[in-house]
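A.B. asks: start-v5.cif is reproduced below (mmCIF, C-alpha atoms and all ligand atoms).
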data_upload
#
loop_
_atom_site.label_atom_id
_atom_site.label_comp_id
_atom_site.auth_asym_id
_atom_site.auth_seq_id
_atom_site.Cartn_x
_atom_site.Cartn_y
_atom_site.Cartn_z
CA MET A 8 -11.23 12.49 14.77
CA THR A 9 -9.62 9.23 15.77
CA THR A 10 -6.00 9.47 16.67
CA GLN A 11 -3.83 6.83 15.03
CA THR A 12 -0.96 5.54 17.08
CA ALA A 13 1.93 3.21 16.46
CA ALA A 14 0.13 0.66 18.62
CA THR A 15 -2.79 0.41 16.18
CA THR A 16 -2.93 -3.10 14.82
CA TRP A 17 -1.76 -3.34 11.25
CA PRO A 18 -3.52 -5.59 8.78
CA GLU A 19 -1.81 -8.90 8.14
CA GLY A 20 0.94 -8.60 5.57
CA ALA A 21 1.13 -4.81 5.66
CA ILE A 22 4.64 -3.52 5.13
CA GLY A 23 3.74 0.15 5.27
CA ARG A 24 0.89 2.43 6.37
CA TYR A 25 0.14 6.04 5.63
CA LEU A 26 -2.39 8.14 7.53
CA THR A 27 -4.63 10.14 5.23
CA VAL A 28 -5.81 13.67 5.95
CA GLY A 29 -9.32 12.21 6.30
CA GLY A 30 -8.29 9.82 9.07
CA ALA A 31 -8.18 6.60 7.03
CA THR A 32 -5.03 4.69 6.12
CA VAL A 33 -3.33 3.65 2.92
CA ASP A 34 -1.85 0.19 3.45
CA ILE A 35 1.00 -1.27 1.44
CA THR A 36 1.13 -5.03 0.96
CA HIS A 37 2.83 -7.51 -1.30
CA ASP A 38 0.36 -9.65 -3.12
CA ASN A 39 0.21 -12.67 -5.32
CA PRO A 40 -2.27 -12.21 -8.16
CA GLY A 41 -1.24 -15.32 -10.07
CA PRO A 42 -1.22 -19.07 -9.50
CA ASP A 43 2.38 -19.20 -8.31
CA ALA A 44 3.14 -19.06 -4.61
CA GLU A 45 5.48 -16.10 -4.68
CA PRO A 46 4.20 -12.52 -4.40
CA SER A 47 4.80 -10.51 -7.53
CA LEU A 48 3.10 -7.22 -6.93
CA SER A 49 3.10 -4.41 -4.41
CA THR A 50 -0.22 -2.75 -3.84
CA ALA A 51 -1.34 0.38 -2.03
CA PHE A 52 -4.94 0.34 -0.79
CA CYS A 53 -6.86 3.25 0.72
CA THR A 54 -9.25 2.16 3.48
CA GLY A 55 -11.13 5.44 3.13
CA CYS A 56 -12.19 5.59 -0.51
CA GLY A 57 -11.23 2.10 -1.65
CA LYS A 58 -8.88 3.32 -4.34
CA HIS A 59 -5.84 1.19 -4.93
CA MET A 60 -2.79 1.12 -7.11
CA ASP A 61 -0.98 -2.05 -8.14
CA HIS A 62 2.68 -2.08 -9.00
CA TYR A 63 3.79 -5.30 -10.66
CA TRP A 64 7.32 -6.33 -9.87
CA ALA A 65 7.82 -7.38 -13.50
CA THR A 66 7.60 -3.72 -14.48
CA TYR A 67 10.67 -2.98 -12.41
CA VAL A 68 12.78 -6.01 -13.29
CA GLY A 69 16.43 -5.44 -14.00
CA ARG A 70 17.39 -5.26 -10.39
CA TYR A 71 18.87 -7.91 -8.13
CA ASP A 72 15.56 -8.50 -6.35
CA ASN A 73 13.32 -9.16 -9.35
CA GLY A 74 11.73 -5.72 -9.22
CA ARG A 75 10.44 -5.85 -5.68
CA THR A 76 12.26 -2.77 -4.40
CA GLY A 77 11.20 -0.64 -7.35
CA ALA A 78 7.57 -1.71 -7.10
CA GLU A 79 7.51 -1.15 -3.36
CA TRP A 80 9.00 2.29 -3.79
CA ALA A 81 6.38 3.18 -6.40
CA ALA A 82 3.59 1.93 -4.12
CA ARG A 83 4.91 4.03 -1.25
CA GLU A 84 5.12 7.09 -3.48
CA TRP A 85 1.50 6.63 -4.54
CA ALA A 86 0.42 6.06 -0.91
CA GLN A 87 2.20 9.17 0.28
CA THR A 88 0.61 11.34 -2.41
CA HIS A 89 -2.87 9.84 -2.00
CA ALA A 90 -2.74 10.14 1.81
CA GLY A 91 -1.96 13.81 1.40
CA HIS A 92 -5.26 14.67 -0.27
CA CYS A 93 -7.82 11.89 0.35
CA ARG A 94 -10.55 13.05 2.70
CA ALA A 95 -12.73 9.95 2.59
CA LEU A 96 -13.55 8.56 6.01
CA PRO A 97 -13.04 4.90 6.79
CA LYS A 98 -16.30 2.95 6.94
CA PRO A 99 -17.33 2.21 10.55
CA THR A 100 -16.72 -1.41 11.48
CA ALA A 101 -19.51 -1.68 14.07
ZN ZN B 201 -8.52 7.42 -0.53
#
Re-express the file's structure as structure tokens.

C.D. replies:
Amino acid sequence: MTTQTAATTWPEGAIGRYLTVGGATVDITHDNPGPDAEPSLSTAFCTGCGKHMDHYWATYVGRYDNGRTGAEWAAREWAQTHAGHCRALPKPTA
């Protein structure tokens, strides 16, 4: 099993990473699914099984930051839970 360390390079734009029990990672990023330049969604993506969960900021509007904090929190919650039981291995890169 590969040992993940803090020195492991994070993907560009990642704001959070969770190590799964299978040795993959769930990466949290902010994304921009629409034509506007500003990100409007927080997404959690599992590099092991490919599952992902999108949390649109608009769902969490009503806060000072246009929903960003709420969406990020929800993405982190999903990542934490998924990392705790996903046993899919990351696909070899070589
Ligand atoms: Zn997974």

A.B. asks: So the first atom is CA of Gly55 (chain A) and the second is CA of Glu84 (chain A); what is the distance between them in Å, to one decimal place?

C.D. replies: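 CA of Glu84 (chain A) lies 17.6 Å from CA of Gly55 (chain A).
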
A.B. asks: Of the candidates A:Gly57, A:Thr100, A:Trp85, A:Trp64, which shows the shortest atom-to-atom distance to His37 (chain A), using all atoms listed in the file?

C.D. replies: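 Smallest distance to His37 (chain A) is found for A:Trp64.
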
A.B. asks: Give me, please, the distance in Å between CA of Glu19 (chain A) and CA of Ala86 (chain A), quoted to one decimal.

C.D. replies: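 About the pair CA of Glu19 (chain A) and CA of Ala86 (chain A): they are 17.6 Å apart.
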
A.B. asks: Quote the spacing between CA of Ala51 (chain A) and CA of Gly23 (chain A) in Å to one decimal place.

C.D. replies: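 Spanning CA of Ala51 (chain A) to CA of Gly23 (chain A) is a straight-line distance of 8.9 Å.
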
A.B. asks: Throw together the list of residues within 7 Å of ligand ZN 201 (chain B), counting only C-alpha atoms and all ligand atoms, and drop it here as a list in words.

C.D. replies: Cys53, Thr54, Gly55, Cys56, Gly57, Lys58, His89, Ala90, Cys93, Arg94 and Ala95 of chain A

A.B. asks: Please, which residues are within 7 Å of (4.0, -4.8, 5.4) by the file's coordinates, counting all atoms listed in the file, and could they come as a ChimeraX atom specification?

C.D. replies: /A:20-23,35-36

A.B. asks: What's the 12 Å shell around Asn39 (chain A), counting all atoms listed in the file, without same-chain residues fewer than 3 positions away, as a list of chain:residue names?

C.D. replies: A:Gly20, A:Thr36, A:Pro42, A:Asp43, A:Ala44, A:Glu45, A:Pro46, A:Ser47, A:Leu48, A:Ser49, A:Thr50, A:Asp61, A:His62, A:Tyr63, A:Trp64

A.B. asks: Which one is closest to Pro18 (chain A): A:Phe52, A:Lys98, A:Val68, A:Gly41? Count all atoms listed in the file.

C.D. replies: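 The shortest atom-to-atom distance to Pro18 (chain A) comes from A:Phe52.
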
A.B. asks: Which neighbours of Leu26 (chain A) fall inside 9 Å, counting all atoms listed in the file, when residues of the same chain fewer than 2 positions from it are skipped, and could you give them as a list of chain:residue names?

C.D. replies: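 Near Leu26 (chain A), the qualifying residues are A:Gln11, A:Arg24, A:Val28, A:Gly29, A:Gly30, A:Ala31, A:Thr32, A:Val33, A:Asp34, A:Gln87, A:Ala90, A:Gly91.
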
A.B. asks: Using all atoms of region 63-81 of chain A that appear in the file, construct an axis-aligned enclosing box with 5 Å of padding on every side and provide its centre coordinates and edge lengths in Å, rounded to one decimal, as JSON.

C.D. replies:
{"center_x": 11.3, "center_y": -3.0, "center_z": -8.9, "size_x": 25.1, "size_y": 22.3, "size_z": 21.1}
